[in-house]
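S.K.: Take a look at coords_31.pdb, PDB, C-alpha atoms:
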```
ATOM      1  CA  MET A   1     213.672  94.731  33.040
ATOM      2  CA  PRO A   2     210.898  94.922  35.668
ATOM      3  CA  ARG A   3     211.368  92.660  38.661
ATOM      4  CA  GLN A   4     208.399  90.343  39.204
ATOM      5  CA  ALA A   5     208.918  88.738  42.591
ATOM      6  CA  VAL A   6     207.080  85.528  43.406
ATOM      7  CA  CYS A   7     207.381  83.474  46.591
ATOM      8  CA  GLY A   8     208.124  79.783  46.528
ATOM      9  CA  GLY A   9     208.270  78.286  43.062
ATOM     10  CA  GLY A  10     210.721  75.551  44.041
ATOM     11  CA  ALA A  11     213.710  77.871  44.461
ATOM     12  CA  PRO A  12     216.691  76.389  46.336
ATOM     13  CA  THR A  13     216.748  77.122  50.062
ATOM     14  CA  VAL A  14     219.337  79.762  50.924
ATOM     15  CA  ARG A  15     220.221  81.597  54.120
ATOM     16  CA  ARG A  16     218.067  84.636  54.754
ATOM     17  CA  ALA A  17     219.719  88.039  54.775
ATOM     18  CA  PRO A  18     218.040  91.107  56.196
ATOM     19  CA  VAL A  19     218.914  93.291  53.207
ATOM     20  CA  ALA A  20     217.876  90.897  50.443
ATOM     21  CA  PRO A  21     214.535  89.072  50.104
ATOM     22  CA  TRP A  22     216.094  85.759  49.101
ATOM     23  CA  SER A  23     212.974  83.768  50.035
ATOM     24  CA  CYS A  24     211.152  85.555  47.226
ATOM     25  CA  VAL A  25     213.052  85.156  43.989
ATOM     26  CA  SER A  26     212.251  86.576  40.594
ATOM     27  CA  GLN A  27     210.748  84.429  37.870
ATOM     28  CA  ALA A  28     213.822  85.183  35.765
ATOM     29  CA  ALA A  29     216.025  83.730  38.508
ATOM     30  CA  SER A  30     214.159  80.497  39.271
ATOM     31  CA  MET A  31     216.540  78.031  37.595
ATOM     32  CA  ASP A  32     216.969  74.980  39.871
ATOM     33  CA  ARG A  33     219.453  72.154  39.829
ATOM     34  CA  THR A  34     219.242  70.336  36.547
ATOM     35  CA  PRO A  35     218.702  66.573  36.183
ATOM     36  CA  GLU A  36     222.071  66.052  34.497
ATOM     37  CA  THR A  37     224.114  67.830  37.152
ATOM     38  CA  SER A  38     224.049  68.576  40.854
ATOM     39  CA  VAL A  39     225.654  71.981  40.277
ATOM     40  CA  LEU A  40     223.594  75.067  41.023
ATOM     41  CA  PRO A  41     223.473  77.708  38.277
ATOM     42  CA  ILE A  42     226.679  79.663  37.737
ATOM     43  CA  LEU A  43     226.184  83.426  37.426
ATOM     44  CA  VAL A  44     228.407  85.041  34.802
ATOM     45  CA  THR A  45     228.312  88.840  34.719
ATOM     46  CA  GLY A  46     229.522  90.906  31.790
ATOM     47  CA  ALA A  47     228.457  87.998  29.616
ATOM     48  CA  ALA A  48     227.837  90.034  26.478
ATOM     49  CA  GLY A  49     231.565  90.680  26.294
ATOM     50  CA  SER A  50     233.771  93.671  25.540
ATOM     51  CA  VAL A  51     237.543  93.440  25.117
ATOM     52  CA  GLY A  52     238.217  89.803  24.283
ATOM     53  CA  ALA A  53     234.664  88.786  25.282
ATOM     54  CA  VAL A  54     235.887  86.768  28.274
ATOM     55  CA  GLY A  55     232.413  86.537  29.821
ATOM     56  CA  ARG A  56     230.855  85.225  26.635
ATOM     57  CA  SER A  57     233.622  82.641  26.207
ATOM     58  CA  VAL A  58     233.178  81.506  29.819
ATOM     59  CA  VAL A  59     229.451  80.999  29.237
ATOM     60  CA  GLU A  60     230.099  79.002  26.077
ATOM     61  CA  GLY A  61     232.757  76.853  27.747
ATOM     62  CA  LEU A  62     230.632  76.056  30.781
ATOM     63  CA  ARG A  63     227.671  75.157  28.598
ATOM     64  CA  ARG A  64     229.861  72.787  26.550
ATOM     65  CA  ARG A  65     230.567  71.039  29.851
ATOM     66  CA  GLY A  66     226.826  70.716  30.429
ATOM     67  CA  LEU A  67     226.845  73.084  33.403
ATOM     68  CA  PRO A  68     223.876  75.376  34.123
ATOM     69  CA  VAL A  69     224.690  79.034  33.486
ATOM     70  CA  ARG A  70     222.859  82.269  34.132
ATOM     71  CA  ALA A  71     224.333  85.022  31.977
ATOM     72  CA  MET A  72     223.794  88.609  33.106
ATOM     73  CA  VAL A  73     223.831  91.265  30.392
ATOM     74  CA  ARG A  74     223.071  94.975  30.267
ATOM     75  CA  ARG A  75     220.948  94.844  27.111
ATOM     76  CA  ASP A  76     218.742  92.240  25.478
ATOM     77  CA  ASP A  77     220.244  92.321  21.993
ATOM     78  CA  GLU A  78     221.727  89.920  19.446
ATOM     79  CA  ARG A  79     224.566  89.071  21.827
ATOM     80  CA  ALA A  80     222.022  88.014  24.447
ATOM     81  CA  GLU A  81     220.290  85.857  21.841
ATOM     82  CA  ALA A  82     223.600  84.175  21.031
ATOM     83  CA  LEU A  83     224.015  83.352  24.720
ATOM     84  CA  ARG A  84     220.507  81.871  24.861
ATOM     85  CA  ALA A  85     221.431  79.701  21.881
ATOM     86  CA  THR A  86     224.051  78.001  24.059
ATOM     87  CA  GLY A  87     221.329  76.945  26.504
ATOM     88  CA  ALA A  88     222.226  79.592  29.083
ATOM     89  CA  GLU A  89     219.522  81.504  30.941
ATOM     90  CA  VAL A  90     219.897  85.210  30.219
ATOM     91  CA  VAL A  91     218.908  87.943  32.663
ATOM     92  CA  VAL A  92     219.065  91.642  31.869
ATOM     93  CA  GLY A  93     220.166  94.021  34.588
ATOM     94  CA  ASP A  94     222.472  96.749  35.820
ATOM     95  CA  LEU A  95     225.368  95.724  38.074
ATOM     96  CA  THR A  96     225.130  99.013  39.973
ATOM     97  CA  ARG A  97     221.532  98.242  41.043
ATOM     98  CA  ALA A  98     221.384  95.915  44.016
ATOM     99  CA  GLY A  99     217.882  94.755  43.142
ATOM    100  CA  ASP A 100     218.999  93.581  39.715
ATOM    101  CA  VAL A 101     221.922  91.707  41.242
ATOM    102  CA  VAL A 102     219.644  90.117  43.854
ATOM    103  CA  ASP A 103     217.398  88.792  41.100
ATOM    104  CA  ALA A 104     220.309  87.534  39.000
ATOM    105  CA  LEU A 105     222.031  85.810  41.922
ATOM    106  CA  ALA A 106     219.019  84.038  43.463
ATOM    107  CA  GLY A 107     219.533  80.273  43.396
ATOM    108  CA  CYS A 108     223.111  80.411  42.080
ATOM    109  CA  GLY A 109     226.048  78.634  43.670
ATOM    110  CA  ARG A 110     229.036  80.211  41.916
ATOM    111  CA  VAL A 111     229.740  83.695  40.574
ATOM    112  CA  TYR A 112     232.093  85.250  38.066
ATOM    113  CA  PHE A 113     232.383  89.030  38.317
ATOM    114  CA  GLY A 114     233.767  90.643  35.220
ATOM    115  CA  MET A 115     233.125  94.101  33.849
ATOM    116  CA  GLY A 116     234.733  96.138  31.112
ATOM    117  CA  VAL A 117     236.708  99.306  31.816
ATOM    118  CA  SER A 118     234.043 101.718  33.036
ATOM    119  CA  ALA A 119     233.623 104.787  35.220
ATOM    120  CA  GLN A 120     230.955 102.749  37.068
ATOM    121  CA  TYR A 121     233.278  99.822  37.772
ATOM    122  CA  LEU A 122     233.863 100.519  41.467
ATOM    123  CA  GLU A 123     230.174 101.067  42.223
ATOM    124  CA  ALA A 124     229.242  97.889  40.356
ATOM    125  CA  ALA A 125     231.897  95.754  42.031
ATOM    126  CA  VAL A 126     231.022  96.950  45.535
ATOM    127  CA  THR A 127     227.320  96.408  44.835
ATOM    128  CA  VAL A 128     227.913  92.847  43.672
ATOM    129  CA  ALA A 129     230.209  92.134  46.636
ATOM    130  CA  ALA A 130     227.623  93.470  49.094
ATOM    131  CA  VAL A 131     224.807  91.435  47.564
ATOM    132  CA  THR A 132     226.821  88.215  47.433
ATOM    133  CA  ARG A 133     227.984  88.694  51.030
ATOM    134  CA  ALA A 134     224.377  89.072  52.143
ATOM    135  CA  TYR A 135     223.420  86.030  50.085
ATOM    136  CA  GLY A 136     225.866  83.891  52.032
ATOM    137  CA  SER A 137     225.601  80.682  49.992
ATOM    138  CA  LEU A 138     228.398  80.743  47.414
ATOM    139  CA  GLU A 139     230.996  78.104  46.627
ATOM    140  CA  VAL A 140     233.206  80.617  44.847
ATOM    141  CA  PHE A 141     233.410  84.261  43.775
ATOM    142  CA  VAL A 142     235.807  84.621  40.847
ATOM    143  CA  ASN A 143     236.918  88.237  40.406
ATOM    144  CA  MET A 144     238.498  89.588  37.246
ATOM    145  CA  SER A 145     241.209  91.979  38.388
ATOM    146  CA  GLN A 146     244.498  92.876  36.642
ATOM    147  CA  LEU A 147     248.185  92.287  37.165
ATOM    148  CA  THR A 148     249.234  95.863  37.914
ATOM    149  CA  VAL A 149     247.407  95.497  41.257
ATOM    150  CA  SER A 150     250.301  93.371  42.508
ATOM    151  CA  GLU A 151     252.625  96.390  42.232
ATOM    152  CA  MET A 152     250.282  98.858  43.945
ATOM    153  CA  ASP A 153     249.816  99.969  47.529
ATOM    154  CA  LEU A 154     247.828 102.519  49.529
ATOM    155  CA  THR A 155     249.773 105.498  48.221
ATOM    156  CA  SER A 156     250.403 104.541  44.580
ATOM    157  CA  THR A 157     249.623 107.425  42.232
ATOM    158  CA  SER A 158     251.057 106.486  38.829
ATOM    159  CA  GLU A 159     248.302 104.070  37.783
ATOM    160  CA  SER A 160     245.036 104.784  35.990
ATOM    161  CA  VAL A 161     241.748 105.484  37.758
ATOM    162  CA  GLN A 162     240.547 102.056  36.622
ATOM    163  CA  GLN A 163     243.600 100.324  38.068
ATOM    164  CA  ARG A 164     243.175 102.137  41.381
ATOM    165  CA  GLN A 165     239.541 101.025  41.482
ATOM    166  CA  GLN A 166     240.533  97.431  40.832
ATOM    167  CA  TRP A 167     243.058  97.601  43.665
ATOM    168  CA  LEU A 168     240.318  98.901  45.976
ATOM    169  CA  VAL A 169     237.959  96.117  44.926
ATOM    170  CA  GLU A 170     240.587  93.505  45.790
ATOM    171  CA  GLN A 171     240.854  95.067  49.257
ATOM    172  CA  ILE A 172     237.084  94.970  49.723
ATOM    173  CA  LEU A 173     236.838  91.359  48.616
ATOM    174  CA  GLY A 174     239.664  90.478  50.983
ATOM    175  CA  TRP A 175     237.629  91.874  53.875
ATOM    176  CA  SER A 176     234.344  90.357  52.718
ATOM    177  CA  GLY A 177     234.769  86.788  53.910
ATOM    178  CA  LEU A 178     233.602  85.561  50.494
ATOM    179  CA  PRO A 179     235.255  82.494  48.911
ATOM    180  CA  VAL A 180     237.233  84.617  46.447
ATOM    181  CA  VAL A 181     239.599  83.686  43.631
ATOM    182  CA  GLN A 182     241.486  86.648  42.173
ATOM    183  CA  ILE A 183     242.342  86.550  38.463
ATOM    184  CA  ARG A 184     245.069  89.022  37.508
ATOM    185  CA  PRO A 185     245.760  89.052  33.774
ATOM    186  CA  THR A 186     248.321  91.370  32.287
ATOM    187  CA  VAL A 187     247.327  93.400  29.217
ATOM    188  CA  PHE A 188     245.139  91.448  26.773
ATOM    189  CA  MET A 189     246.337  91.008  23.206
ATOM    190  CA  GLU A 190     242.843  92.198  22.264
ATOM    191  CA  ASN A 191     243.227  95.424  24.268
ATOM    192  CA  PRO A 192     242.902  98.677  22.273
ATOM    193  CA  LEU A 193     246.549  99.337  23.125
ATOM    194  CA  PHE A 194     247.666  96.416  20.978
ATOM    195  CA  ARG A 195     244.776  96.696  18.552
ATOM    196  CA  VAL A 196     246.024 100.161  17.622
ATOM    197  CA  GLY A 197     249.655  99.022  17.509
ATOM    198  CA  PHE A 198     248.871  96.009  15.350
ATOM    199  CA  SER A 199     246.490  97.882  13.026
ATOM    200  CA  SER A 200     249.420  99.695  11.433
ATOM    201  CA  ILE A 201     250.809  96.366  10.199
ATOM    202  CA  ALA A 202     248.145  96.098   7.503
ATOM    203  CA  LYS A 203     248.682  99.730   6.455
ATOM    204  CA  TYR A 204     252.411 100.239   6.810
ATOM    205  CA  GLY A 205     253.988  96.852   7.537
ATOM    206  CA  SER A 206     255.087  97.969  10.992
ATOM    207  CA  ILE A 207     254.005  97.953  14.633
ATOM    208  CA  ARG A 208     253.623 101.481  16.029
ATOM    209  CA  LEU A 209     253.814 101.604  19.815
ATOM    210  CA  PRO A 210     255.471 103.903  22.393
ATOM    211  CA  PHE A 211     257.279 101.161  24.299
ATOM    212  CA  GLY A 212     260.917 101.920  23.556
ATOM    213  CA  ARG A 213     262.944  98.870  24.603
ATOM    214  CA  ALA A 214     260.623  97.929  27.445
ATOM    215  CA  LYS A 215     259.250  94.407  27.628
ATOM    216  CA  THR A 216     255.726  93.066  27.860
ATOM    217  CA  SER A 217     253.924  89.717  27.945
ATOM    218  CA  PRO A 218     250.358  90.147  26.633
ATOM    219  CA  VAL A 219     247.906  87.340  27.322
ATOM    220  CA  ALA A 220     245.215  85.994  25.001
ATOM    221  CA  ALA A 221     241.650  86.585  26.182
ATOM    222  CA  GLY A 222     240.857  82.980  25.273
ATOM    223  CA  ASP A 223     243.437  81.766  27.786
ATOM    224  CA  VAL A 224     241.999  84.017  30.487
ATOM    225  CA  ALA A 225     238.506  82.702  29.764
ATOM    226  CA  ALA A 226     239.766  79.107  29.920
ATOM    227  CA  VAL A 227     241.230  79.766  33.376
ATOM    228  CA  VAL A 228     237.984  81.285  34.656
ATOM    229  CA  GLU A 229     235.953  78.436  33.160
ATOM    230  CA  GLU A 230     238.090  75.782  34.823
ATOM    231  CA  ILE A 231     237.843  77.456  38.229
ATOM    232  CA  LEU A 232     234.065  77.835  37.977
ATOM    233  CA  ALA A 233     233.696  74.206  36.893
ATOM    234  CA  ASP A 234     235.715  72.895  39.858
ATOM    235  CA  PRO A 235     236.215  75.678  42.404
ATOM    236  CA  ALA A 236     237.289  73.834  45.550
ATOM    237  CA  PRO A 237     241.061  73.647  44.771
ATOM    238  CA  HIS A 238     241.223  77.335  43.906
ATOM    239  CA  VAL A 239     239.363  79.240  46.623
ATOM    240  CA  GLY A 240     241.619  81.803  48.283
ATOM    241  CA  ARG A 241     244.152  81.728  45.452
ATOM    242  CA  ILE A 242     245.489  84.529  43.260
ATOM    243  CA  TYR A 243     246.378  83.631  39.674
ATOM    244  CA  GLU A 244     248.596  85.959  37.661
ATOM    245  CA  LEU A 245     248.229  85.409  33.922
ATOM    246  CA  THR A 246     250.691  86.428  31.222
ATOM    247  CA  GLY A 247     251.776  85.235  27.823
ATOM    248  CA  PRO A 248     254.566  82.667  27.402
ATOM    249  CA  ARG A 249     257.430  85.183  27.430
ATOM    250  CA  SER A 250     258.250  88.775  28.228
ATOM    251  CA  GLU A 251     259.868  90.491  25.255
ATOM    252  CA  ASP A 252     260.345  93.920  23.762
ATOM    253  CA  ALA A 253     258.342  95.192  20.811
ATOM    254  CA  ALA A 254     261.162  94.462  18.363
ATOM    255  CA  ALA A 255     261.100  90.781  19.373
ATOM    256  CA  MET A 256     257.318  90.872  19.097
ATOM    257  CA  ALA A 257     257.645  92.227  15.554
ATOM    258  CA  ALA A 258     259.988  89.320  14.739
ATOM    259  CA  GLU A 259     257.323  86.883  15.966
ATOM    260  CA  VAL A 260     254.705  88.582  13.816
ATOM    261  CA  SER A 261     257.063  88.489  10.827
ATOM    262  CA  ALA A 262     257.599  84.746  11.214
ATOM    263  CA  ALA A 263     253.861  84.081  11.522
ATOM    264  CA  LEU A 264     252.954  86.217   8.493
ATOM    265  CA  GLY A 265     255.899  85.182   6.342
ATOM    266  CA  ARG A 266     256.824  88.805   5.619
ATOM    267  CA  GLN A 267     258.914  91.482   7.281
ATOM    268  CA  VAL A 268     257.244  93.507  10.026
ATOM    269  CA  ASP A 269     259.265  96.197  11.801
ATOM    270  CA  TYR A 270     258.759  97.981  15.098
ATOM    271  CA  ILE A 271     258.537 101.767  15.081
ATOM    272  CA  ASP A 272     259.022 103.363  18.486
ATOM    273  CA  VAL A 273     256.691 106.367  18.614
ATOM    274  CA  PRO A 274     257.021 109.102  21.243
ATOM    275  CA  LEU A 275     254.313 108.576  23.853
ATOM    276  CA  GLN A 276     252.430 111.851  23.407
ATOM    277  CA  GLU A 277     252.561 111.570  19.628
ATOM    278  CA  TRP A 278     251.120 108.046  19.845
ATOM    279  CA  ILE A 279     248.370 109.208  22.207
ATOM    280  CA  ASP A 280     247.429 112.133  19.938
ATOM    281  CA  ASP A 281     247.763 110.462  16.535
ATOM    282  CA  ASP A 282     246.964 106.789  17.179
ATOM    283  CA  LEU A 283     244.834 106.498  20.321
ATOM    284  CA  ARG A 284     242.739 109.685  20.403
ATOM    285  CA  PRO A 285     241.091 109.056  16.990
ATOM    286  CA  LEU A 286     239.362 105.991  18.473
ATOM    287  CA  GLY A 287     237.001 108.343  20.308
ATOM    288  CA  LEU A 288     237.091 106.332  23.538
ATOM    289  CA  PRO A 289     235.154 107.490  26.621
ATOM    290  CA  ASP A 290     237.303 109.667  28.913
ATOM    291  CA  HIS A 291     237.666 106.970  31.594
ATOM    292  CA  VAL A 292     238.755 104.363  29.043
ATOM    293  CA  PHE A 293     241.059 106.814  27.238
ATOM    294  CA  GLN A 294     242.804 107.678  30.501
ATOM    295  CA  HIS A 295     243.234 103.985  31.303
ATOM    296  CA  ILE A 296     244.689 103.003  27.916
ATOM    297  CA  SER A 297     247.009 106.009  27.724
ATOM    298  CA  THR A 298     248.229 105.218  31.254
ATOM    299  CA  MET A 299     248.884 101.610  30.248
ATOM    300  CA  ALA A 300     250.971 102.892  27.337
ATOM    301  CA  ARG A 301     253.008 105.059  29.711
ATOM    302  CA  LEU A 302     253.477 102.213  32.198
ATOM    303  CA  HIS A 303     254.654  99.999  29.347
ATOM    304  CA  ALA A 304     257.275 102.593  28.416
ATOM    305  CA  GLU A 305     258.356 102.563  32.073
ATOM    306  CA  ASN A 306     258.809  98.775  31.846
ATOM    307  CA  ARG A 307     256.038  98.050  34.355
ATOM    308  CA  TYR A 308     254.699  95.220  32.184
ATOM    309  CA  ASP A 309     257.905  93.183  32.120
ATOM    310  CA  ARG A 310     256.271  90.246  33.890
ATOM    311  CA  LYS A 311     256.194  86.489  33.380
ATOM    312  CA  ALA A 312     253.798  84.312  35.403
ATOM    313  CA  ASP A 313     252.633  80.714  35.119
ATOM    314  CA  GLY A 314     249.008  81.097  36.179
ATOM    315  CA  VAL A 315     247.569  79.883  32.872
ATOM    316  CA  GLU A 316     249.492  76.600  32.944
ATOM    317  CA  GLN A 317     248.825  76.145  36.671
ATOM    318  CA  VAL A 318     245.089  76.122  36.109
ATOM    319  CA  ILE A 319     244.509  74.620  32.655
ATOM    320  CA  GLY A 320     247.621  72.480  32.301
ATOM    321  CA  ARG A 321     249.008  73.956  29.096
ATOM    322  CA  PRO A 322     251.237  76.931  28.294
ATOM    323  CA  PRO A 323     249.583  80.183  27.269
ATOM    324  CA  SER A 324     249.283  81.242  23.650
ATOM    325  CA  GLY A 325     251.826  83.699  22.294
ATOM    326  CA  VAL A 326     251.852  86.585  19.856
ATOM    327  CA  ALA A 327     252.527  84.310  16.877
ATOM    328  CA  ASP A 328     249.520  82.157  17.824
ATOM    329  CA  TYR A 329     247.347  85.266  17.958
ATOM    330  CA  VAL A 330     248.515  86.348  14.502
ATOM    331  CA  ARG A 331     247.816  82.921  13.005
ATOM    332  CA  GLU A 332     244.351  82.821  14.580
ATOM    333  CA  ASN A 333     243.432  86.337  13.386
ATOM    334  CA  PRO A 334     245.013  86.725   9.933
ATOM    335  CA  GLY A 335     242.452  89.299   8.811
ATOM    336  CA  LEU A 336     243.741  91.809  11.360
ATOM    337  CA  PHE A 337     247.173  91.854   9.767
ATOM    338  CA  SER A 338     246.346  91.715   6.055
ATOM    339  CA  PRO A 339     246.258  94.800   3.826
TER     340      PRO A 339
END
```
What would you get if you wrote out this structure as structure tokens?

M.R.:
Amino acid sequence: MPRQAVCGGGAPTVRRAPVAPWSCVSQAASMDRTPETSVLPILVTGAAGSVGAVGRSVVEGLRRRGLPVRAMVRRDDERAEALRATGAEVVVGDLTRAGDVVDALAGCGRVYFGMGVSAQYLEAAVTVAAVTRAYGSLEVFVNMSQLTVSEMDLTSTSESVQQRQQWLVEQILGWSGLPVVQIRPTVFMENPLFRVGFSSIAKYGSIRLPFGRAKTSPVAAGDVAAVVEEILADPAPHVGRIYELTGPRSEDAAAMAAEVSAALGRQVDYIDVPLQEWIDDDLRPLGLPDHVFQHISTMARLHAENRYDRKADGVEQVIGRPPSGVADYVRENPGLFSP
């Protein structure tokens, strides 16, 4: 999208920064305070959604609250049209291009940074952090990280490239002076790791995963989105906090299969598949990009090493209710489990 800069136009007054022409904002970024609310627009990146569509759900939730939202997407397609239908302003741009981020951010008061697993993640996150630091007028910067970060340090080597990049981004944001809230979900139930494991239920009546007897506590993307929405709607109590988000319990795959069985009303077993066999026969056929494939296969290995045996109360802390569990996910998505 070409940037058409115009001076004035009633844009909110913000502090000047030498690297960003904030006094001249793009026409696409000229949304002011609305009559029904004193809240400046909330910028939601990654709004078109990928795994679990957290960004899209955040946009929808904020709009239901009557809050002004600017949704940043990579492409102007049917997903962008669906966002416009909520009453959100949609801007098209690339998170790795500072100029696009400048345009998207102008006049906003709160930011959610979320991006799918991507080889460009680190560049995008640093670009957004640099632009928002120069902007200097945010109430909150909500960053979507992940729970494995809490177990990492400078010399960790067993995690995926994506996880290492997310650890680095947390360090950068910690140095930035921005009003950051870190969101650290564990693996999403909607992640390809579980999507592949659950897909065998419809075919064979069993969950195929390489977890052995290790435990895990997947979290529903809807719960993660609800946490982000609540923080963006009322950021003051949360600035500087880290919220770790898991499901309601940590359990092994056999116990998970029992939950699925109860929800479906039929027997579902767990089949423990050797890790390399699962990677070759179950994961590789998805044809994922190399960066994503390396991340998901690493998550499978870390599960087998019991690195996902975690239970945290971040969901209930923020939204006041317990997180959804595996059985809830099955009941809400019956088509995924039916032959």

S.K.: To test the calculation: enclose all listed atoms of region 299-313 of chain A in a box whose edges run along x, y and z, add 6 Å on each side, then state centre and edge lengths in Å to one decimal, as AutoDock Vina command-line options.

M.R.:
```
--center_x 253.8 --center_y 92.9 --center_z 31.4 --size_x 21.9 --size_y 36.3 --size_z 20.1
```

S.K.: Using all atoms listed in the file, tabulate the residues of region 173-193 of chain A lying at most 12 Å from any atom of region 277-287 of chain A, each with its closest atom pair and that distance in Å to one decimal, by chain and increasing residue number, as a Markdown table.

M.R.:
```
| residue | atom | partner | partner_atom | distance |
| --- | --- | --- | --- | --- |
| A:Asn191 | CA | A:Leu283 | CA | 11.9 |
| A:Pro192 | CA | A:Leu283 | CA | 8.3 |
| A:Leu193 | CA | A:Leu283 | CA | 7.9 |
```

S.K.: Using only C-alpha atoms, determine which residues lie at most 8 Å from region 298-304 of chain A, disregarding the query and same-chain residues fewer than 2 positions distant; provide the list as a VMD selection string.

M.R.: chain A and resid 159 to 160 193 210 to 216 275 294 to 296 306 to 308

S.K.: Using all atoms listed in the file, which of the listed residues (A:Tyr204, A:Phe198, A:Tyr329, A:Tyr135) sits closest to Ala98 (chain A)?

M.R.: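 Using all atoms listed in the file, the shortest distance to Ala98 (chain A) belongs to A:Tyr135.
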
S.K.: So the first atom is CA of Thr96 (chain A) and the second is CA of Val140 (chain A); what is the distance between them in Å, to one decimal place?

M.R.: 20.7 Å

S.K.: Place a sphere of radius 7 Å on (256.0, 98.4, 11.7) in the file coordinates and name every protein, DNA or RNA residue with an atom inside or on its surface, counting only C-alpha atoms; give the answer as a ChimeraX atom specification.

M.R.: /A:200-201,204-208,268-271

S.K.: Selected by the PyMOL selection byres ((chain A and resi 72) around 9) in the shown coordinates: which residues, as a PyMOL selection string?

M.R.: chain A and resi 43-48+70-71+73-74+80+89-95+101+104

S.K.: What's the 12 Å shell around region 117-127 of chain A, counting only C-alpha atoms, without same-chain residues fewer than 4 positions away, as number ranges by chain?

M.R.: A: 45-46, 49-51, 93-102, 112-113, 131-134, 141-146, 160-173, 175-176, 191-192, 288-296

S.K.: May I ask which of the residues A:Leu232, A:Ala257, A:Val54, A:Ala226 is the closest one to Cys108 (chain A), counting only C-alpha atoms?

M.R.: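 The answer is A:Leu232, which sits nearest to Cys108 (chain A).
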
S.K.: In terms of the shortest atom-to-atom distance over all atoms listed in the file, which of A:Thr155, A:Ser250, A:Gln276, A:Ser217 is closest to Val187 (chain A)?

M.R.: A:Ser217

S.K.: List as a list of chain:residue names the protein and nucleic acid residues near Ala258 (chain A), meaning an atom at most 9 Å away when all atoms listed in the file are counted, but skip any in the same chain fewer than 2 places from it.

M.R.: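 The residues that qualify are A:Ala253, A:Ala254, A:Ala255, A:Met256, A:Val260, A:Ser261, A:Ala262, A:Ala263, A:Gln267, A:Val268, A:Asp269, A:Tyr270.
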